[in-house]
Structure formats: C-alpha cells, structure tokens
Amino acid sequence: MIVEVGHFALVLGVVVALVQMIIPLWGAQIGNTRMMEVAKPAAIMQFLLLLIAFLALMYAYVVSDFSVLNVVQNSHSAKPLIYRIAGVWGNHEGSMLLWVLVLALFGAAVAVYGENLRPTLRANVLAVQASIVVAFGLFILLTSNPFIRMIPAALEGRGLNPILQDPALAFHPPFLYIGYVGFSMAFSFAVAALIDGRIDAVWARWVRPWTLAAWMFLTIGIAMGSWWAYYELGWGGWWFWDPVENASFMPWLAGTALLHCALVMEKREALKVWTILLAILTFSLSLMGAFLVRSGVLTSVHSFAVDPERGVVILGIMVLFIGGSLSLFAYRVSSLRQGGLFSPISREGSLVLNNVLLTTATATVLVGTLYPLVLETFTGLKISVGAPYFNLTFGPLMIPLLLAMPFGPLLAWKRGDIVGVGQRLIFACLVFVVVAAAAYAYYYRGPVMAPFGLALGAFVMAGAITEFAVRVKVGRASFEEVARRTWNQPRSAWGSALSHFGVGLMVVGIVATSAYQEEKILVLKPGEETKIAGYTVKFRGEAPRHGANYREQVGVLDVMRNGSQVIRLYPGKRSYTAPVQVTSEAGIYASWAGDLYTILGDRQKNGGFTFRMYYNPLVRFIWFGALVMFFGGAISLSDRRLRFGAPVRSRRRSAQVPAE
Amino acid sequence: MLHSVNAVSMRTFTTFILMAFVVSALLFPPTCAFAVQPDEVLRNTELEKRARNLSAKLRCLVCQNQSIDDSDAPLARDLRLLVRERLVAGDSDDEVVGFLVARYGEFVLLKPSWGPHTFILWLSPLLVLLLGIFLARRLLVSSSRVSASQDGDVKKVNRLSEEDEERLKAILEVSPDARLDK
C-alpha cells in the first residue's frame, strides 16, 4: 500500500511540475499575476509529493519489502539499517528519484525564500526548474521506475555491493547530488533572465548563494568520494582521472569559475554575457556527467547497448536543455548590455584570469575524457587518455592560477596597484622561499619540482592570511581597532579567505603525498618486522574476525616508533555473504604528519603473508583542505547580505519622484 | 580468466560508486586489489625503478582506466613481468614501450603519443587558453576604449561655451549675501 502511495505521489508530483512549468511562464508572458502566483504553491506541493515518493521507497527498503523489484535487486534483510537506507540511492532508479527530489527541493526553496524576487523572474525561474523535474520525472516513470512490484514476491534480496557498505560512502551521494543538481538553480535563473530579458546586479546577487551552496556540497561530495576510494579500494590512491570522476570534476571547475564571475557581476555589473553562459554551461556539464555515466557510453560502447533506451532518453533530455538554453542565449545575447569598466590590473581583471584558467582546465578535462570516444567513432583508432595526460595538461594550468590567487583579493576594483599588492605579499613571498628551501634541504634527493609545489601551497595559505590581515589592518592600526575590524568583517570576507586557505592546504597535501610517498612490498612471516618512514612494523600473525554480514581474516601488525608501541593495525580481507564478495580492508594509522597505510595480501607457500605498506606524508591535508573550503563556503553563505537577497530598493524613490 | 576480468571490472565499478552512479552492483563479484607482487620485484633497484615508472604509464588492457602498476589482473602481471624481462635484456625505456605498442597497439599507452590523430587532443588546452586570453583581451581593450571615449564625452559635455563660462564666473563671484540683497 505505502509503495503504491509513493508511486502515485511520484506521478502526481510530475503532473504538478507540468502545471508549474506552463502556467507561471504563460502568466509572466501576458503579465497575469494570478497565473504567476501558481508557481509558489506548485513548487512546494511538488516537493512534498516527491518527498512522499522518496520516503515510500525508503520505507520499502527499511522493512525489506521484497515484493518491490528494486528492493529485491539492491537490498538484503541482513544488512544493517544504515545501509538499507543508503541502498535507496545506491542504484540507478533510486538515485534518479533522489536527483528529482533535490531538484524539487531547490525549487521549493526559491518559492519560500524568493518573496522579494521580481515576480516575473520568480515565475520564470520556477517554471524552468519545473521543466527539468518534468523531464527527469518522465524519465523515471517511463524507463526506470523504482516502484514496480514483483509477483510473486522474492524471499530474500540480492544484496548491496559490500564496497558500498561504508559510512562515508553511504552519505556521499546525497552531498554529490545536492551539488550537481544545485547548479540547476543557476541554470534556471539564467534561462529565466534570458526569457525575461533583464539581467542586472540583483540577478547575480540572487544566483550567487545558490551556486555557492551547490559548490560547497559538490566539494564535500567529491572529497568524501576521494577519501573513501583512498581507504577502501586498497592501493592508497585518492584520484584516478577516471571518466566517472571527471564527470563530477568538470561541473565543480565550471561552478568555481561561475562563483567568481558572479561576484564581478554582482559588484560591478560587468561580464554579464559570460556569467549567463557559464551558468548554462555548468549545469550542462552536470547533465552531461549524468548522461555519460548513466548510459555507460564512456566506459564501454557495450554497456550503452545493454540499456540503449535510458541512454537515449538522457541524451534527448541533455540535447533539449543544453540546445534550448544555448539557442535562447544566442537569440538574446545582443540585447545584454555590458556595464562596469575596469583596467586589466584590477579585481575584475584577476577574476577574468581566474575564469580563463578554470575554463581552460574544464575544457582540458572534457577533451581528455571524450577524445578516445570521438576518435574511435570517427577513425576506429583506439587510444587511452590516462593520468599522465591530465598531469601534463591540467597541472601546468593550476600553477598560474595558484600564483595569482593571493593577488586577486588584494587588488582594488576597477583599477588596482600591482606593486602595492606585491609589497603587501612580501610575507607570503618570504614563506614561499623558506618553504622551498627547507623542502629542498630536507628531501634533496626527491623530485625537483616538488619543493616548488609545496612552496606554492604555502604561498597560497600565506596569501589568504595576508588577505584577511590587510582587511583588518594588522600592523597599521591599534590593537583595539584590529580586534574591532576583525569582529566586524562581513562573513563573506572570512569565507573567501578561509576557502583560499583550504586550497593551499590541499595543494600541500597533494604535492607531498604524490612526491614523497614511501612504499614497501614484501612477504612477512609471523614475528618478522620491517621498517618504513621511521616506524617499525611487526607482524604478529593472522586471526579471524566477523561482523554482521561478513567474515574477515586480519593480519595483526604492531606499529612501533622509538621502541614504544604506537598502534596495532588490522589490515584484512573481508568475505561478504550477500552478495558473495571479498574486499580488502586497509589498516591505516592516520596522523597529521602522514598516514601509515597497510594492506594484507595472500598467504605464501612458506607460511608468510604478502604485505603492501605505504607512508603517505600529509595526505590528510587533501581532504582537510576540502573541508576548510566547505566551511569557508558555509560561513560566506551565512552572510546577512546574501541571506536577505536583493534589497528592496529604488521603488520608494521612484514613487516619490512624481510627488515632487 | 573470466573471474579476473570481473575483478578488474570491479575497479571501474568502484569508481562508479565513487560518483554515486551505481548501475549494476551485482554483476561484478570482485576480489581484493593487489598489484605488484614481491616475487616480481627485480634485484637491481635501478632497473626496478625504471620498471615501475614504465608500468605506471602502461594501461592494463582488460581494465577500464588502470595502469598495470595498479592492477591486480593476471594480464597486468604478465605485462609487468614482460617489461622487466625486456629491461633485464638491456632494452631502453623507449624500446620497451615500442615493443608493447607493436604488440598491443597504442591503446596500451596511458599517455597518448604525439601524432596527427592526437594533435587536437594535445593542442586543445593550449588553443582554448589562447582563445580565452584573446577574448579576455578583447573585453579589456573594448572596455578601456569605451572608458576613454566616455572620458572624452564627459570632457566635451563639461566644456562650457565662453558665454556660459562668463556667466558662471559672474555667479560664483557674487557672494550669497549680495544675491540675497538682489
């Protein structure tokens, strides 16, 4: 019964979205306020209906209702509760339902918080947002319906892949989806503004918080995925330039660019055309990511053929939205007037540089991801584009970006003083030199470029500190004045400095762990020991262990430093029963200085076990940096100026004019 | 062999989950990933280092997007052993790569070679960057031109005729008191 209610709510939700797509848009065209007002209750109702549908599916998973096909295929009654819940979005149908739910959530948020938005703009935004819900809602209902019953019901489900059964992974898809789908808001605002024909600073002020929220969640979602891959997949890597990873990375890069150029538009009304285009492109990349991964076209042509219907439908949705919005853009572009003049050396100029580099980086990832596919289609030649390509192309693009990063926020709007900014960055430059020299001295036999990379990360961090210090006038005002200014800084200033600092942390982590990783591959018999990165690791022997739905064989390792025990690690191999599968569990001793990472291999003929051990210096800073970026975004989002959106302005003044 | 193919697909599959796009979890029962084995390692550390460097750039042919250095597929192991064999036989790095490309095609290279078929691939970052710089320059030039012409406009508007200048002077010279008196 509950499942049918969910099914019905989904259908009804799509119908409501259909109404919301047509009536307000029509109303906005003919200037009918009552028709435009339909959007608000429709958006809220649509969200509630889809929420009911989602909760109904979740209920089916929680109680293990094996008369529902989707539950049978993806769940098992012996799974712990948390993974039964996570199982809802751990499969194609459920994850698409989550996708639509998040779309509706953003629409409802605009309906509720958009009171002071211009009525026609709000009506158009909600109509465009609803059109996306309609497209994906129909996709779910027609090709991937999670509510299909199975008669007769199954006795037991087939289970969720054990690799998925992990706390970090259980909650990373929702984060990722809020990120992906959040960019739909920027898209809807852009298309609505194009329909409306009016784009101004108020528009940018409205778009920025939504973009920022999406960006934050995408950042943390990607970071969680990377962290999970690091400790779960068992070879110590954290980023593989895999097409599926790239699919989420491209919207992130474009979204980062959008965040910065929306700033220019809000403050200076410049770069209008580009901001609109970027808003469209960012969501298009999200859609394309969904298409590439969902259709399987990237991983192999074969899996595309397995389910051509879904792939083709998503391709159709993608072509419709990207093509439609770009056509509208081309049609309207000439009517957009550029405002706000600036010289090349200015805050605006630095943000233009940021956008050029980030867009190029996005294009590089896009080309690298799609090139093998396109080449094979047209010439039949098969080539691979792997990590070495991206390291050679993407890497160098990041260097000028990072070098310029501390300069940007210190430059004045309109016309900046590069020499003055350089003087303010003396501290950061000093940090750069000291770190580079220290790294060379310490790791004199390491890779030549690595100390430069570490120094660059430190430079960015020092630059972020300088950015804040200059704002609060450290060294140029009395202590009380500095304290007062620190207290009174707008939260967005804290946010940007913190996020930039996080980027620096991440760079340091990436460079250190890539350049200075230590590795040992060896066979140890019980009682034997080995040394890695100053630790002594002693193999005590192997032992069995068991959990709720798995058995495990662990190797017991005592980690010692300077003769005293630091920790005991249990790298192991888990055998899951439903489905039958073996996973390796790394034993990790994590610290700020670096992680000791151990993996248990196979038993050897002589009674020993193969071990793989890594020492990954500063690897934690990669994810910690992402976390700092996330909180930077959160603090910025809590800024009063953003929260209240557009101020009500000029209406009173213009009303007074005739009175005079 | 079939099993190993599945094990390899698992790696791709796990990356799938990484992005939360799980399609068919149950098709691929994986085993645990474990790449280079201790018995493969060469005694000669110099050669071993070269072998590791090379294998990081060679694709495991039955895997999705994995180097033979990372992969636990038997084919990857065979390739690793082959690379080491060639190195011990005295081949240079380029010769080893050439040998593998001749055998397996260019698909084996994770870093595509430079040639007519990859011009676009390798040049596109540069071209996009140049295009970006060009567009940004145009934007800056036009905005500075606009600002220059606007400055000119402002001057033109502000320049008063001689008559007006005289009148303005007269008005400014007269004190407010005098005006009030009038």
# chains A, B, ... in the order shown; residues from 1 in each chain; ligands from 1
call {"tool": "interface_residues", "arguments": {"of": "chain A", "to": "chain B", "cutoff": "6 Å", "atoms": "only C-alpha atoms", "output": "list in words"}}
result
Gly90, Asn91, His92, Asn161, Pro173, Gly225, Leu341, Val356, Thr360, Thr364, Lys382, Ile383, Ser384, Val385, Gly386, Pro388, Tyr389, Ile521, Leu522, Gln581, Val582, Thr583 and Ser584 of chain A
call {"tool": "select_by_dssp", "arguments": {"residues": "stretch 24-138 of chain B", "states": "helix (DSSP H, G or I)", "output": "PyMOL selection string"}}
result
chain B and resi 25-27+38-40+45-56+74-88+93-104+106-108+116-138
call {"tool": "residues_around", "arguments": {"residues": "stretch 27-30 of chain A", "least_positions_apart": "4", "cutoff": "10 Å", "atoms": "only C-alpha atoms", "output": "PyMOL selection string"}}
result
chain A and resi 22-23+34-39+119-124+127+195-196
call {"tool": "decode", "arguments": {"residues": "stretch 14-129 of chain B", "atoms": "C-alpha atoms", "output": "compact mmCIF listing (two decimals), in the first residue's frame"}}
result
# COMPACT_ATOMS: atom_id res chain seq x y z
CA THR B 14 34.05 1.04 -7.58
CA THR B 15 34.89 4.27 -9.25
CA PHE B 16 31.35 4.25 -10.49
CA ILE B 17 30.11 4.20 -6.96
CA LEU B 18 32.61 6.85 -6.19
CA MET B 19 30.39 9.12 -8.19
CA ALA B 20 27.28 7.54 -6.76
CA PHE B 21 26.21 6.27 -10.11
CA VAL B 22 25.82 2.64 -9.38
CA VAL B 23 24.34 0.75 -12.22
CA SER B 24 24.65 -2.92 -11.66
CA ALA B 25 26.42 -3.74 -8.47
CA LEU B 26 25.79 -7.41 -8.53
CA LEU B 27 27.30 -8.24 -11.87
CA PHE B 28 30.86 -7.94 -10.73
CA PRO B 29 31.94 -10.02 -7.76
CA PRO B 30 35.34 -8.52 -7.07
CA THR B 31 38.34 -9.78 -5.19
CA CYS B 32 40.79 -7.64 -3.33
CA ALA B 33 43.09 -5.38 -5.28
CA PHE B 34 46.74 -6.18 -5.02
CA ALA B 35 49.10 -5.10 -7.71
CA VAL B 36 52.87 -5.59 -7.78
CA GLN B 37 53.82 -8.84 -6.03
CA PRO B 38 57.05 -9.25 -4.08
CA ASP B 39 58.27 -12.01 -6.39
CA GLU B 40 58.13 -9.66 -9.38
CA VAL B 41 60.50 -7.10 -7.90
CA LEU B 42 63.90 -7.02 -9.58
CA ARG B 43 67.10 -7.22 -7.53
CA ASN B 44 68.62 -4.36 -9.49
CA THR B 45 66.98 -1.32 -7.84
CA GLU B 46 67.84 0.94 -10.76
CA LEU B 47 66.07 -1.35 -13.23
CA GLU B 48 63.17 -1.87 -10.81
CA LYS B 49 62.69 1.89 -10.55
CA ARG B 50 62.57 2.16 -14.34
CA ALA B 51 60.15 -0.75 -14.49
CA ARG B 52 57.82 0.94 -12.01
CA ASN B 53 57.98 4.21 -13.89
CA LEU B 54 57.18 2.49 -17.15
CA SER B 55 54.35 0.41 -15.78
CA ALA B 56 52.63 3.48 -14.33
CA LYS B 57 52.28 4.72 -17.91
CA LEU B 58 51.04 1.47 -19.43
CA ARG B 59 47.43 0.52 -19.50
CA CYS B 60 46.12 -2.75 -18.24
CA LEU B 61 44.28 -3.80 -21.40
CA VAL B 62 41.41 -5.61 -19.75
CA CYS B 63 40.85 -2.86 -17.19
CA GLN B 64 38.99 0.36 -17.53
CA ASN B 65 41.36 3.12 -16.69
CA GLN B 66 44.10 1.49 -14.73
CA SER B 67 47.83 1.22 -15.17
CA ILE B 68 49.47 -2.19 -15.00
CA ASP B 69 51.23 -0.89 -11.90
CA ASP B 70 47.90 -0.58 -10.06
CA SER B 71 46.05 -3.53 -11.49
CA ASP B 72 45.77 -6.96 -9.96
CA ALA B 73 44.63 -8.61 -13.18
CA PRO B 74 46.77 -11.58 -14.32
CA LEU B 75 47.28 -9.83 -17.67
CA ALA B 76 48.73 -6.82 -15.86
CA ARG B 77 51.10 -9.14 -14.00
CA ASP B 78 52.16 -10.71 -17.31
CA LEU B 79 52.83 -7.27 -18.74
CA ARG B 80 54.79 -6.22 -15.66
CA LEU B 81 56.92 -9.33 -15.95
CA LEU B 82 57.36 -8.69 -19.68
CA VAL B 83 58.50 -5.13 -19.03
CA ARG B 84 61.04 -6.36 -16.50
CA GLU B 85 62.21 -9.10 -18.84
CA ARG B 86 62.90 -6.58 -21.61
CA LEU B 87 64.67 -4.25 -19.21
CA VAL B 88 66.90 -7.04 -17.93
CA ALA B 89 67.63 -7.96 -21.55
CA GLY B 90 69.03 -4.45 -21.91
CA ASP B 91 66.24 -2.60 -23.71
CA SER B 92 65.93 1.13 -23.26
CA ASP B 93 62.64 2.56 -21.93
CA ASP B 94 61.61 3.64 -25.42
CA GLU B 95 62.35 0.19 -26.83
CA VAL B 96 60.19 -1.45 -24.17
CA VAL B 97 57.32 0.90 -24.94
CA GLY B 98 57.82 0.40 -28.67
CA PHE B 99 57.75 -3.36 -28.20
CA LEU B 100 54.46 -3.19 -26.29
CA VAL B 101 52.84 -0.77 -28.76
CA ALA B 102 53.83 -3.04 -31.65
CA ARG B 103 52.26 -5.93 -29.83
CA TYR B 104 49.10 -4.40 -28.34
CA GLY B 105 48.55 -1.18 -30.26
CA GLU B 106 48.51 2.36 -28.96
CA PHE B 107 45.68 1.52 -26.61
CA VAL B 108 48.33 0.29 -24.18
CA LEU B 109 49.71 3.81 -23.64
CA LEU B 110 48.01 5.86 -20.92
CA LYS B 111 49.80 8.88 -22.30
CA PRO B 112 48.84 9.06 -25.98
CA SER B 113 51.68 9.54 -28.43
CA TRP B 114 52.10 12.73 -30.44
CA GLY B 115 50.79 12.33 -33.98
CA PRO B 116 48.18 13.50 -36.47
CA HIS B 117 45.49 11.59 -34.64
CA THR B 118 46.25 13.29 -31.32
CA PHE B 119 47.06 16.84 -32.46
CA ILE B 120 43.67 18.05 -31.31
CA LEU B 121 43.98 16.25 -28.01
CA TRP B 122 47.36 17.68 -27.12
CA LEU B 123 46.85 21.13 -28.57
CA SER B 124 43.33 21.77 -27.33
CA PRO B 125 44.30 23.01 -23.85
CA LEU B 126 46.67 25.49 -25.44
CA LEU B 127 44.14 26.56 -28.07
CA VAL B 128 41.40 27.06 -25.50
CA LEU B 129 43.80 29.03 -23.34
